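Below is the file coords-v3.cif, which contains mmCIF, C-alpha atoms.
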```
data_start
#
loop_
_atom_site.label_atom_id
_atom_site.label_comp_id
_atom_site.auth_asym_id
_atom_site.auth_seq_id
_atom_site.Cartn_x
_atom_site.Cartn_y
_atom_site.Cartn_z
CA MET A 105 -115.85 75.75 21.64
CA ARG A 106 -119.53 75.60 20.85
CA TYR A 107 -119.49 71.81 21.34
CA ILE A 108 -118.11 72.30 24.84
CA TYR A 109 -120.89 74.79 25.58
CA ILE A 110 -123.46 72.31 24.26
CA LEU A 111 -121.97 69.57 26.45
CA ILE A 112 -122.00 71.78 29.54
CA LEU A 113 -125.62 72.74 28.83
CA PHE A 114 -126.47 69.08 28.38
CA LEU A 115 -124.70 68.23 31.64
CA VAL A 116 -126.77 70.82 33.46
CA LEU A 117 -129.97 69.43 31.93
CA VAL A 118 -129.30 65.77 32.66
CA SER A 119 -128.26 66.62 36.20
CA GLY A 120 -131.94 67.30 36.69
CA CYS A 121 -132.79 63.64 35.94
CA ALA A 122 -134.21 61.53 38.75
CA VAL A 123 -131.32 60.42 40.97
CA VAL A 124 -131.01 56.64 41.33
CA GLN A 125 -129.69 55.90 44.82
CA PRO A 126 -126.75 53.50 45.29
CA TRP A 127 -128.97 50.84 46.90
CA GLU A 128 -131.27 50.93 43.86
CA ARG A 129 -128.52 50.01 41.40
CA GLU A 130 -128.59 46.23 41.59
CA ARG A 131 -129.50 45.90 37.90
CA LEU A 132 -127.05 48.60 36.89
CA ALA A 133 -124.24 46.78 38.75
CA ASP A 134 -124.46 43.79 36.39
CA PRO A 135 -121.23 43.72 34.32
CA ASN A 136 -123.42 43.39 31.21
CA MET A 137 -124.66 46.91 31.85
CA MET A 138 -121.14 48.27 31.32
CA PHE A 139 -120.56 49.87 27.93
CA ASP A 140 -117.09 48.43 27.38
CA GLU A 141 -116.88 45.44 29.64
CA ASN A 142 -113.77 44.14 27.89
CA PRO A 143 -111.76 47.13 26.64
CA ILE A 144 -109.09 44.86 25.18
CA GLN A 145 -111.54 43.17 22.81
CA LYS A 146 -113.08 46.52 22.04
CA GLY A 147 -109.67 47.91 21.10
CA ILE A 148 -109.00 44.96 18.78
CA LYS A 149 -112.33 45.46 17.04
CA GLU A 150 -111.88 49.21 16.68
CA HIS A 151 -108.42 48.63 15.23
CA TYR A 152 -109.56 46.52 12.28
CA ILE A 153 -112.65 48.65 11.67
CA ASN A 154 -110.79 51.97 11.67
CA ILE A 155 -108.48 50.90 8.88
CA ARG A 156 -111.28 49.60 6.68
CA GLU A 157 -113.69 52.50 7.05
CA GLY A 158 -113.27 56.24 6.65
CA SER A 159 -114.63 57.16 10.08
CA GLU A 160 -113.14 57.27 13.51
CA GLY A 161 -114.00 58.54 16.97
CA GLY A 162 -117.23 58.98 18.85
CA ASN A 163 -116.49 55.89 20.92
CA GLY A 164 -113.47 56.86 23.01
CA SER A 165 -111.02 54.43 21.44
CA GLN A 166 -107.42 55.03 20.42
CA GLY A 167 -104.89 53.00 18.42
CA GLY A 168 -101.67 53.07 16.51
CA GLY A 169 -99.52 51.39 13.92
CA CYS A 170 -100.22 51.12 10.24
CA GLY A 171 -103.47 49.36 11.03
CA CYS A 172 -102.79 46.61 8.56
CA GLY A 173 -104.51 44.11 10.83
CA MET B 159 -106.43 75.14 22.84
CA ASP B 160 -102.69 74.73 22.81
CA ARG B 161 -101.75 71.06 23.25
CA LYS B 162 -99.26 71.72 26.05
CA ILE B 163 -101.78 73.69 28.08
CA PHE B 164 -104.30 70.92 27.65
CA VAL B 165 -101.89 68.23 28.88
CA ILE B 166 -100.76 70.34 31.85
CA LEU B 167 -104.38 71.02 32.76
CA PHE B 168 -105.07 67.29 32.85
CA LEU B 169 -102.04 66.55 34.98
CA ILE B 170 -102.81 69.25 37.54
CA PHE B 171 -106.59 68.92 37.69
CA PRO B 172 -106.64 65.62 39.66
CA ILE B 173 -104.89 67.26 42.61
CA PHE B 174 -107.98 69.32 43.35
CA ILE B 175 -110.56 66.67 42.99
CA PHE B 176 -111.75 63.53 44.45
CA SER B 177 -111.94 58.31 43.22
CA GLN B 178 -113.76 55.20 42.23
CA GLU B 179 -113.38 51.41 42.31
CA GLN B 180 -110.10 49.71 41.53
CA PRO B 181 -109.89 47.27 38.63
CA ASP B 182 -109.15 43.60 39.47
CA ASN B 183 -105.58 42.30 39.39
CA GLU B 184 -105.46 40.12 36.30
CA ILE B 185 -103.55 38.86 33.31
CA GLN B 186 -105.39 38.49 30.03
CA VAL B 187 -103.94 36.51 27.15
CA ASN B 188 -105.65 36.71 23.77
CA PHE B 189 -105.04 34.88 20.55
CA ASN B 190 -106.68 36.86 17.77
CA SER B 191 -106.94 36.05 14.11
CA TYR B 192 -108.25 37.76 10.97
CA PHE B 193 -108.73 36.26 7.48
CA ASP B 194 -110.30 37.91 4.44
CA ASN B 195 -110.90 37.34 0.75
CA PHE B 196 -108.30 40.03 -0.09
CA ARG B 197 -105.75 37.38 0.94
CA LEU B 198 -104.84 39.18 4.13
CA ASN B 199 -104.20 36.91 7.10
CA VAL B 200 -103.31 38.30 10.49
CA ILE B 201 -102.48 36.46 13.69
CA TYR B 202 -102.05 38.75 16.66
CA PRO B 203 -101.48 37.31 20.12
CA SER B 204 -101.53 39.79 23.01
CA ILE B 205 -100.91 39.83 26.73
CA ASN B 206 -102.32 42.44 29.11
CA VAL B 207 -101.61 42.87 32.82
CA VAL B 208 -103.45 44.96 35.41
CA LYS B 209 -101.88 45.29 38.85
CA ASN B 210 -103.00 47.39 41.79
CA ILE B 211 -100.02 48.87 43.52
CA ASP B 212 -102.01 50.52 46.31
CA LYS B 213 -105.67 51.09 47.11
CA ASN B 214 -105.92 54.02 44.72
CA THR B 215 -103.41 53.26 42.00
CA SER B 216 -103.18 50.57 39.38
CA ILE B 217 -100.75 50.05 36.53
CA THR B 218 -101.42 48.39 33.21
CA GLY B 219 -99.13 46.93 30.61
CA SER B 220 -99.65 45.11 27.36
CA TYR B 221 -97.67 43.63 24.51
CA LEU B 222 -99.06 42.70 21.13
CA VAL B 223 -97.56 41.19 18.00
CA ASP B 224 -99.20 41.33 14.57
CA ALA B 225 -98.01 38.67 12.17
CA ILE B 226 -99.33 39.87 8.85
CA SER B 227 -99.32 38.45 5.35
CA SER B 228 -99.50 40.77 2.30
CA ALA B 229 -99.95 43.95 4.33
CA SER B 230 -97.21 45.84 2.52
CA MET B 231 -96.22 45.86 -1.13
CA LYS B 232 -92.56 45.04 -1.70
CA MET B 233 -92.20 46.87 -4.99
CA VAL B 234 -93.93 49.53 -6.98
CA LEU B 235 -96.72 47.56 -8.55
CA ARG B 236 -96.68 46.23 -12.07
CA VAL B 237 -100.16 46.35 -13.46
CA ASP B 238 -101.95 44.39 -16.12
CA GLY B 239 -102.48 46.80 -19.00
CA ILE B 240 -105.74 45.18 -20.07
CA THR B 241 -107.57 44.72 -16.81
CA SER B 242 -105.45 47.15 -14.75
CA ALA B 243 -105.54 44.45 -12.11
CA THR B 244 -102.53 43.55 -10.01
CA SER B 245 -101.69 40.10 -8.88
CA ASN B 246 -101.34 40.05 -5.14
CA LYS B 247 -98.23 37.90 -5.56
CA GLN B 248 -96.47 40.90 -7.02
CA GLY B 249 -97.20 42.83 -3.90
CA GLY B 250 -96.03 40.70 -1.06
CA ALA B 251 -98.43 37.85 -0.44
CA ASP B 252 -95.83 35.36 -1.50
CA ASN B 253 -94.60 34.63 2.02
CA THR B 254 -96.69 34.14 5.12
CA PRO B 255 -96.16 36.01 7.36
CA ASP B 256 -94.10 38.73 5.69
CA GLU B 257 -94.46 41.43 8.28
CA LEU B 258 -94.38 41.75 12.06
CA ARG B 259 -95.59 44.62 14.17
CA HIS B 260 -94.75 44.95 17.86
CA GLN B 261 -96.76 47.15 20.17
CA ILE B 262 -96.18 47.91 23.83
CA ASN B 263 -98.43 49.91 26.15
CA LEU B 264 -97.81 51.13 29.68
CA GLY B 265 -100.37 52.98 31.73
CA VAL B 266 -101.30 54.15 35.18
CA VAL B 267 -104.73 54.82 36.67
CA ARG B 268 -105.07 56.89 39.81
CA ASN B 269 -108.27 57.32 41.80
CA ILE B 270 -108.46 60.48 43.83
CA SER B 271 -111.57 60.97 45.92
CA GLY B 272 -113.91 59.56 43.29
CA VAL B 273 -112.16 60.94 40.25
CA SER B 274 -110.30 58.53 37.99
CA VAL B 275 -107.27 59.84 36.12
CA SER B 276 -105.25 57.79 33.69
CA ALA B 277 -102.15 58.26 31.57
CA ASP B 278 -101.00 55.82 28.89
CA GLY B 279 -98.05 55.57 26.57
CA MET B 280 -97.81 53.34 23.52
CA TYR B 281 -95.08 52.49 21.07
CA SER B 282 -95.62 50.49 17.90
CA ILE B 283 -92.89 49.50 15.47
CA GLU B 284 -92.66 47.56 12.23
CA HIS B 285 -90.18 47.58 9.37
CA ASP B 286 -91.83 50.49 7.55
CA TYR B 287 -93.89 52.33 10.18
CA SER B 288 -93.55 53.54 13.76
CA SER B 289 -96.07 55.17 16.05
CA LYS B 290 -95.89 56.81 19.47
CA THR B 291 -98.98 57.68 21.47
CA PHE B 292 -99.58 59.51 24.71
CA ALA B 293 -103.10 59.51 26.10
CA THR B 294 -104.64 60.86 29.25
CA ASN B 295 -108.18 60.64 30.50
CA ILE B 296 -110.14 61.89 33.49
CA SER B 297 -113.55 60.71 34.73
CA VAL B 298 -115.43 62.91 37.17
CA PRO B 299 -118.64 61.67 38.80
CA PHE B 300 -121.46 64.02 39.73
CA ALA B 301 -124.87 63.73 41.40
CA LYS B 302 -124.14 60.67 43.57
CA LYS B 303 -122.39 59.03 40.59
CA ASN B 304 -125.52 59.24 38.45
CA THR B 305 -123.53 61.34 36.01
CA VAL B 306 -119.92 60.81 34.98
CA LEU B 307 -118.08 63.29 32.80
CA GLN B 308 -115.08 61.99 30.87
CA LEU B 309 -112.43 64.09 29.18
CA GLY B 310 -109.58 62.65 27.20
CA TYR B 311 -106.64 63.76 25.11
CA ALA B 312 -104.40 61.64 22.90
CA GLY B 313 -101.42 62.62 20.80
CA ASN B 314 -100.06 60.33 18.05
CA TRP B 315 -96.73 60.80 16.32
CA ASP B 316 -96.30 58.45 13.36
CA LYS B 317 -93.41 57.92 10.95
CA ILE B 318 -93.94 56.29 7.56
CA PHE B 319 -90.94 54.86 5.69
CA PRO B 320 -92.07 52.38 3.00
CA GLN B 321 -89.55 49.83 1.75
CA ASN B 322 -89.95 50.88 -1.86
CA ARG B 323 -89.54 54.64 -1.33
CA PHE B 324 -86.58 56.80 -0.42
CA TRP B 325 -88.31 59.11 2.01
CA THR B 326 -89.61 59.20 5.59
CA LYS B 327 -92.74 61.18 6.29
CA ASN B 328 -94.58 62.16 9.45
CA ARG B 329 -98.18 62.23 10.50
CA ASN B 330 -99.26 63.85 13.78
CA THR B 331 -102.68 63.38 15.31
CA SER B 332 -104.34 65.14 18.25
CA THR B 333 -107.57 63.73 19.62
CA ILE B 334 -109.91 65.24 22.18
CA ASN B 335 -112.73 63.10 23.53
CA LEU B 336 -115.61 64.32 25.64
CA GLY B 337 -117.96 61.78 27.17
CA LEU B 338 -120.94 61.82 29.45
CA THR B 339 -122.44 58.74 31.09
CA GLN B 340 -125.85 59.23 32.67
CA ILE B 341 -128.01 56.85 34.68
CA LEU B 342 -131.54 57.46 33.46
CA SER B 343 -133.40 54.94 35.65
CA LYS B 344 -132.80 51.77 37.69
CA LYS B 345 -132.47 49.84 34.41
CA ILE B 346 -131.26 52.33 31.82
CA VAL B 347 -127.91 54.02 31.39
CA ALA B 348 -126.88 56.23 28.46
CA GLN B 349 -123.54 57.51 27.17
CA PHE B 350 -122.79 60.43 24.89
CA ASP B 351 -119.41 60.83 23.18
CA PHE B 352 -117.89 63.56 21.09
CA SER B 353 -114.51 63.28 19.38
CA PHE B 354 -112.45 65.97 17.70
CA ILE B 355 -109.45 64.69 15.74
CA ASN B 356 -106.91 66.89 14.03
CA ILE B 357 -104.41 65.22 11.69
CA ASP B 358 -101.46 66.88 9.97
CA GLY B 359 -98.93 65.34 7.63
CA TYR B 360 -98.67 62.52 5.13
CA MET B 361 -102.01 60.73 4.86
CA PRO B 362 -101.86 57.97 2.20
CA ASP B 363 -100.65 54.45 2.70
CA GLY B 364 -97.04 54.55 1.49
CA TYR B 365 -97.54 51.62 -0.89
CA GLN B 366 -100.63 52.66 -2.77
CA VAL B 367 -100.42 53.79 -6.38
CA VAL B 368 -102.86 55.55 -8.68
CA ARG B 369 -103.33 53.99 -12.10
CA ILE B 370 -103.80 56.55 -14.83
CA VAL B 371 -105.62 54.86 -17.69
CA ASN B 372 -105.83 56.99 -20.83
CA ASN B 373 -106.77 55.23 -24.09
CA TYR B 374 -103.95 52.69 -24.56
CA ASN B 375 -101.59 54.33 -22.09
CA LEU B 376 -101.30 53.24 -18.52
CA TYR B 377 -98.93 54.54 -15.88
CA VAL B 378 -98.86 54.79 -12.12
CA LEU B 379 -98.31 57.71 -9.75
CA GLU B 380 -98.25 58.11 -5.99
CA PRO B 381 -101.54 59.21 -4.41
CA ILE B 382 -101.77 62.85 -3.36
CA GLU B 383 -104.04 63.57 -0.44
CA PRO B 384 -104.57 66.80 1.55
CA GLU B 385 -102.06 67.17 4.40
CA LYS B 386 -104.69 68.21 6.91
CA ARG B 387 -107.86 66.52 8.07
CA ILE B 388 -110.26 67.45 10.84
CA ARG B 389 -112.59 64.67 11.91
CA LYS B 390 -115.57 64.91 14.25
CA ALA B 391 -117.91 62.26 15.60
CA LEU B 392 -120.89 62.33 17.89
CA GLY B 393 -122.19 59.09 19.39
CA ILE B 394 -124.93 57.98 21.75
CA ARG B 395 -125.31 54.55 23.31
CA THR B 396 -128.03 53.36 25.65
CA ASN B 397 -128.00 50.14 27.65
CA PHE B 398 -131.34 48.71 28.78
CA GLY B 399 -131.72 46.04 31.44
CA VAL B 400 -134.49 44.19 29.61
CA SER B 401 -134.79 41.39 32.21
CA LYS B 402 -132.96 40.14 35.27
CA LEU B 403 -130.52 38.25 33.07
CA SER B 404 -130.41 40.20 29.82
CA THR B 405 -129.41 43.59 28.50
CA LEU B 406 -129.86 45.33 25.15
CA LEU B 407 -127.45 48.02 23.98
CA LEU B 408 -128.45 50.34 21.15
CA GLY B 409 -126.07 52.88 19.67
CA TYR B 410 -125.84 55.46 16.93
CA ARG B 411 -122.88 57.55 15.72
CA TYR B 412 -122.70 60.37 13.22
CA TYR B 413 -119.30 61.26 11.74
CA TRP B 414 -118.18 64.10 9.47
CA ASP B 415 -114.82 65.48 8.33
CA THR B 416 -113.13 68.08 6.17
CA TRP B 417 -112.67 65.53 3.33
CA ASP B 418 -116.47 65.42 2.94
CA ILE B 419 -116.84 61.94 4.36
CA LYS B 420 -120.03 61.57 6.36
CA SER B 421 -121.13 58.37 7.97
CA HIS B 422 -123.87 56.79 10.03
CA THR B 423 -123.22 53.82 12.32
CA MET B 424 -125.89 51.76 14.05
CA ASP B 425 -125.04 49.23 16.76
CA ALA B 426 -127.06 46.69 18.69
CA GLU B 427 -125.81 44.19 21.26
CA PHE B 428 -127.83 41.66 23.23
CA LYS B 429 -126.13 40.11 26.25
CA THR B 430 -127.49 37.44 28.53
CA HIS B 431 -126.30 35.24 31.39
CA LEU B 432 -126.76 31.61 30.35
CA SER B 433 -125.83 30.56 33.88
CA ASP B 434 -124.00 32.00 36.90
CA ASN B 435 -120.73 31.39 35.08
CA MET B 436 -121.53 31.70 31.41
CA ASN B 437 -122.34 34.80 29.43
CA VAL B 438 -123.11 35.29 25.75
CA ALA B 439 -123.33 38.45 23.63
CA PHE B 440 -124.69 38.87 20.09
CA SER B 441 -123.63 42.04 18.25
CA LEU B 442 -124.81 43.65 15.05
CA ARG B 443 -123.32 46.73 13.42
CA GLN B 444 -124.29 48.53 10.24
CA TYR B 445 -122.34 51.40 8.71
CA PHE B 446 -122.83 53.72 5.72
CA GLN B 447 -120.41 56.34 4.40
CA THR B 448 -120.02 58.87 1.59
CA LYS B 449 -116.76 59.23 -0.33
CA ALA B 450 -113.95 61.74 0.11
CA TYR B 451 -114.28 64.66 -2.31
CA PHE B 452 -111.09 63.76 -4.19
CA PHE B 453 -111.58 60.00 -4.35
CA LYS B 454 -112.17 58.34 -7.73
CA GLY B 455 -112.44 54.70 -8.66
CA THR B 456 -110.53 55.35 -11.91
CA TYR B 457 -108.33 58.19 -13.15
CA THR B 458 -107.82 59.15 -16.80
CA GLU B 459 -105.33 61.93 -16.10
CA ALA B 460 -103.14 63.18 -13.26
CA GLU B 461 -104.99 65.47 -10.87
CA PRO B 462 -103.86 67.76 -8.01
CA LEU B 463 -105.42 65.38 -5.47
CA MET B 464 -105.78 61.65 -6.09
CA GLY B 465 -106.88 59.00 -3.63
CA VAL B 466 -107.48 55.29 -4.19
CA ASP B 467 -107.81 53.93 -0.65
CA SER B 468 -111.06 51.95 -0.38
CA LYS B 469 -111.82 53.47 2.99
CA LEU B 470 -112.22 56.83 1.24
CA ASN B 471 -114.82 55.32 -1.10
CA SER B 472 -118.58 55.38 -0.56
CA GLY B 473 -120.19 52.18 0.60
CA TYR B 474 -121.50 50.28 3.57
CA THR B 475 -120.44 47.55 5.97
CA ASN B 476 -122.14 44.88 8.06
CA ASP B 477 -120.62 43.26 11.09
CA VAL B 478 -121.94 40.34 13.15
CA SER B 479 -120.25 38.72 16.12
CA ILE B 480 -120.85 36.33 18.99
CA ASN B 481 -118.87 36.50 22.23
CA LEU B 482 -118.88 33.81 24.87
CA SER B 483 -117.30 33.93 28.32
CA TYR B 484 -117.09 31.24 30.98
CA LYS B 485 -115.84 31.85 34.51
CA GLY B 486 -114.36 28.81 36.24
CA ASN B 487 -116.67 27.02 38.67
CA LYS B 488 -115.37 24.77 41.46
CA ASN B 489 -118.43 22.49 41.12
CA THR B 490 -117.34 21.49 37.64
CA LYS B 491 -115.34 18.28 37.52
CA LEU B 492 -113.40 19.14 34.39
CA PRO B 493 -109.84 20.34 34.85
CA PHE B 494 -109.19 24.08 34.31
CA LEU B 495 -112.94 24.77 34.08
CA ASN B 496 -113.14 24.30 37.87
CA ASN B 497 -110.53 26.96 38.57
CA GLU B 498 -112.35 30.05 39.80
CA ARG B 499 -109.42 32.29 38.96
CA LEU B 500 -109.81 31.62 35.26
CA THR B 501 -112.23 33.15 32.77
CA PHE B 502 -112.33 31.72 29.24
CA LEU B 503 -113.25 33.97 26.33
CA ALA B 504 -114.19 33.12 22.75
CA SER B 505 -115.40 35.32 19.95
CA VAL B 506 -116.36 34.72 16.32
CA GLY B 507 -117.10 37.58 13.94
CA PHE B 508 -118.00 38.16 10.32
CA TYR B 509 -117.40 41.46 8.55
CA HIS B 510 -118.62 42.48 5.10
CA ARG B 511 -117.67 45.70 3.32
CA HIS B 512 -119.15 46.90 0.06
CA THR B 513 -117.49 49.77 -1.81
CA ASP B 514 -119.15 51.50 -4.75
CA SER B 515 -116.12 50.85 -7.00
CA PRO B 516 -113.53 48.06 -6.89
CA ASP B 517 -110.56 48.12 -4.53
CA TRP B 518 -107.43 49.74 -6.01
CA VAL B 519 -105.33 46.56 -5.94
CA ILE B 520 -107.58 43.51 -5.62
CA ARG B 521 -110.13 44.98 -8.07
CA ILE B 522 -113.18 43.64 -6.28
CA SER B 523 -115.83 45.55 -4.35
CA GLU B 524 -116.85 43.03 -1.72
CA LEU B 525 -114.61 42.35 1.26
CA TYR B 526 -115.52 39.36 3.44
CA ALA B 527 -113.56 38.92 6.65
CA TYR B 528 -113.65 36.35 9.43
CA LEU B 529 -112.38 37.03 12.93
CA ILE B 530 -111.76 34.51 15.67
CA THR B 531 -110.49 35.28 19.17
CA LEU B 532 -109.67 32.95 22.02
CA GLY B 533 -108.75 34.46 25.36
CA LEU B 534 -107.97 33.62 28.96
CA LYS B 535 -108.23 35.92 31.96
CA ILE B 536 -106.33 34.94 35.08
CA SER B 537 -107.01 36.65 38.41
CA ILE B 538 -103.77 37.28 40.27
#
```

Kindly transcribe the structure held in the file into structure tokens.
Amino acid sequence: MRYIYILILFLVLVSGCAVVQPWERERLADPNMMFDENPIQKGIKEHYINIREGSEGGNGSQGGGCGCG
Amino acid sequence: MDRKIFVILFLIFPIFIFSQEQPDNEIQVNFNSYFDNFRLNVIYPSINVVKNIDKNTSITGSYLVDAISSASMKMVLRVDGITSATSNKQGGADNTPDELRHQINLGVVRNISGVSVSADGMYSIEHDYSSKTFATNISVPFAKKNTVLQLGYAGNWDKIFPQNRFWTKNRNTSTINLGLTQILSKKIVAQFDFSFINIDGYMPDGYQVVRIVNNYNLYVLEPIEPEKRIRKALGIRTNFGVSKLSTLLLGYRYYWDTWDIKSHTMDAEFKTHLSDNMNVAFSLRQYFQTKAYFFKGTYTEAEPLMGVDSKLNSGYTNDVSINLSYKGNKNTKLPFLNNERLTFLASVGFYHRHTDSPDWVIRISELYAYLITLGLKISI
């Protein structure tokens, strides 16, 4: 639970950041500014990495199968 | 929190809240390939469809096939008593491909007054493994969409039934993801992610064996790994608009688990528009990890816990890739390239993994892998 409390506290803190208005988001609207512009390719990459390394998570991805690929 | 309560909470919560933009209607076809110096070759074509069924709801579906060579060992391994090495031909690399995996996904995304809610189901089957997944996710924007909170839950139910064993074993996984995306300025956006993963059940690969080498005696046993693992990861990524055409993404992730594996991952990605229709991305990734507390490169006697999987070993990896995309332009005279409904994708990657002791079967420490993807997106 303490991680949830930390997240909520963080949410409260970042809510105090300067608000960027919708009409000021031209640069942010560029598809290159998206974190996972192509989730399909991201999923493929995560799949082969997860079965070759001992770590997982922290990036919102999910997968299944034996992970042989 | 009880899993059922969590799922119910996610299904009810959207009723009380509010929606964001719809994805585009499209079909994406990918042809992916993977080749490495461990003699593993994988070809995995996939097709993905996104279709909006009304202004607030879209459905997704995908189908993927893995055609794999030498992924599974067809017999309990015979080992060379002198080198303790195993020829890959004894394990299943004699035919290409010798294994197929089929995976199907179906999902729905619903936007309700600014809040995006999704539910996905996945089923994966091969001759010695099956996996079912249910995942749900909710994204809630705050502060004029400057802040987006994401919560996700996924349940995995896997069955392992190797060809050379007489048992079927289960592995169940519950994953909770918390994410926060925050616009920091007109050119900077950051994302924080936390994952909590709880796994219960049979953990090893069903085909691995532990070689016990004691003076002139050599025999093999099945690995024994703990039947519970709790994994946690905390990640931060920041995307900077470094110019009108280019962006730089920097990321860091720290991971730790109850098997004593700790890891650090650093990511960097530079993306730029080469023209109105062409985009290129260069990615670098570096990763370091410690070993699981029960892992050993060699065993001289049977122990209560024994693991040989290279991903439980200490080591590091490097990953480099280039992605190119081209959206059709009607001013181009070449066929297909002038179709504005088409986007062409290409990706080339190189992956290197070093482990601090040799792999359990191939008996080398350096893995070199090459990945090539060709894709086509069609707007429908």

*Selected residue, from B:Asp212, B:Asp514, B:Asp418, B:Asp224, that lies nearest to chain A when counting all atoms listed in the file*: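 That would be B:Asp224, the residue with the smallest distance to chain A.
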
_Taking 2 positions as the minimum chain separation for residues in the same chain, which residues sit within 8 Å of segment 274-289 of chain B when counting all atoms listed in the file? Answer as a PyMOL selection string._
(chain A and resi 168-170) or (chain B and resi 172+177-178+257-270+272+291-298+314-321)

_Residue list for chain B near chain A as a PyMOL selection string, 6 Å, all atoms listed in the file_ = chain B and resi 200+229+282+289+344+351-353+391-393+469-470

*Given the file above and the PyMOL selection byres ((chain B and resi 533) around 9), which residues are selected, and can you give them as number ranges by chain?*
B: 186-190, 501-505, 531-532, 534-535

*asked:* If we count all atoms listed in the file and set the cut-off at 10 Å, which residues sit around Val306 of chain B, ignoring sequence neighbours fewer than 4 positions away in its own chain? Please answer as number ranges by chain.
replied: A: 115; B: 273, 296-302, 337-341, 349

*Chain and number of each residue from the PyMOL selection byres ((chain B and resi 464) around 7), as an MDAnalysis selection string*: chainID B and resid 381:383 452:453 461:463 465:466

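Our summary of the geometry notes that atom CA of Gly409 of chain B is positioned 6.3 Å from atom CA of Ala426 of chain B.
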
*Please, what distance in Å, to one decimal, runs between atom CA of Gly364 of chain B and atom CA of Lys327 of chain B?*
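Spanning atom CA of Gly364 of chain B to atom CA of Lys327 of chain B is a straight-line distance of 9.2 Å.
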
*asked:* Between B:Asn195, B:Thr423, B:Thr458, B:Ser468, which residue has the minimum interatomic distance to Gln444 of chain B, considering all atoms listed in the file?
replied: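 That would be B:Thr423, the residue with the smallest distance to Gln444 of chain B.
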
Suppose a student applies the PyMOL selection byres ((chain B and resi 475) around 10) to this structure; what residues should they get, written as a PDB file with C-alpha atoms, keeping the file's coordinate frame?
```
ATOM      1  CA  ILE A 153    -112.650  48.650  11.670  1.00  0.00           C
ATOM      2  CA  ARG A 156    -111.280  49.600   6.680  1.00  0.00           C
ATOM      3  CA  GLU A 157    -113.690  52.500   7.050  1.00  0.00           C
TER       4      GLU A 157
ATOM      5  CA  THR B 423    -123.220  53.820  12.320  1.00  0.00           C
ATOM      6  CA  ARG B 443    -123.320  46.730  13.420  1.00  0.00           C
ATOM      7  CA  GLN B 444    -124.290  48.530  10.240  1.00  0.00           C
ATOM      8  CA  TYR B 445    -122.340  51.400   8.710  1.00  0.00           C
ATOM      9  CA  PHE B 446    -122.830  53.720   5.720  1.00  0.00           C
ATOM     10  CA  GLN B 447    -120.410  56.340   4.400  1.00  0.00           C
ATOM     11  CA  GLY B 473    -120.190  52.180   0.600  1.00  0.00           C
ATOM     12  CA  TYR B 474    -121.500  50.280   3.570  1.00  0.00           C
ATOM     13  CA  ASN B 476    -122.140  44.880   8.060  1.00  0.00           C
ATOM     14  CA  ASP B 477    -120.620  43.260  11.090  1.00  0.00           C
ATOM     15  CA  TYR B 509    -117.400  41.460   8.550  1.00  0.00           C
ATOM     16  CA  HIS B 510    -118.620  42.480   5.100  1.00  0.00           C
ATOM     17  CA  ARG B 511    -117.670  45.700   3.320  1.00  0.00           C
ATOM     18  CA  HIS B 512    -119.150  46.900   0.060  1.00  0.00           C
ATOM     19  CA  THR B 513    -117.490  49.770  -1.810  1.00  0.00           C
ATOM     20  CA  GLU B 524    -116.850  43.030  -1.720  1.00  0.00           C
ATOM     21  CA  LEU B 525    -114.610  42.350   1.260  1.00  0.00           C
ATOM     22  CA  TYR B 526    -115.520  39.360   3.440  1.00  0.00           C
TER      23      TYR B 526
END
```

*Can you list, as a PyMOL selection string, every protein, DNA or RNA residue that comes within 6 Å of segment 394-406 of chain B when you count all atoms listed in the file, leaving out same-chain residues fewer than 6 positions away?*
chain B and resi 345-350+427-431

Padding of 5 Å on every side, edges along x, y and z, all listed atoms of segment 424-433 of chain B included: what centre and edge lengths in Å, to one decimal, does that box have, as lines of an AutoDock Vina configuration file?
```
center_x = -126.4
center_y = 41.2
center_z = 24.0
size_x = 12.8
size_y = 31.2
size_z = 29.8
```

*To one decimal place, how far is atom CA of Gln180 of chain B from atom CA of Asn435 of chain B in Å?*
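These atoms are spaced 22.1 Å apart.
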
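Within the 8 Å cut-off around Asn210 of chain B, using only C-alpha atoms and omitting residues fewer than 4 positions from it on the same chain, the listed residues are Gln180, Pro181, Asp182, Asn183, Asn214, Thr215, Ser216 and Ile217 of chain B.
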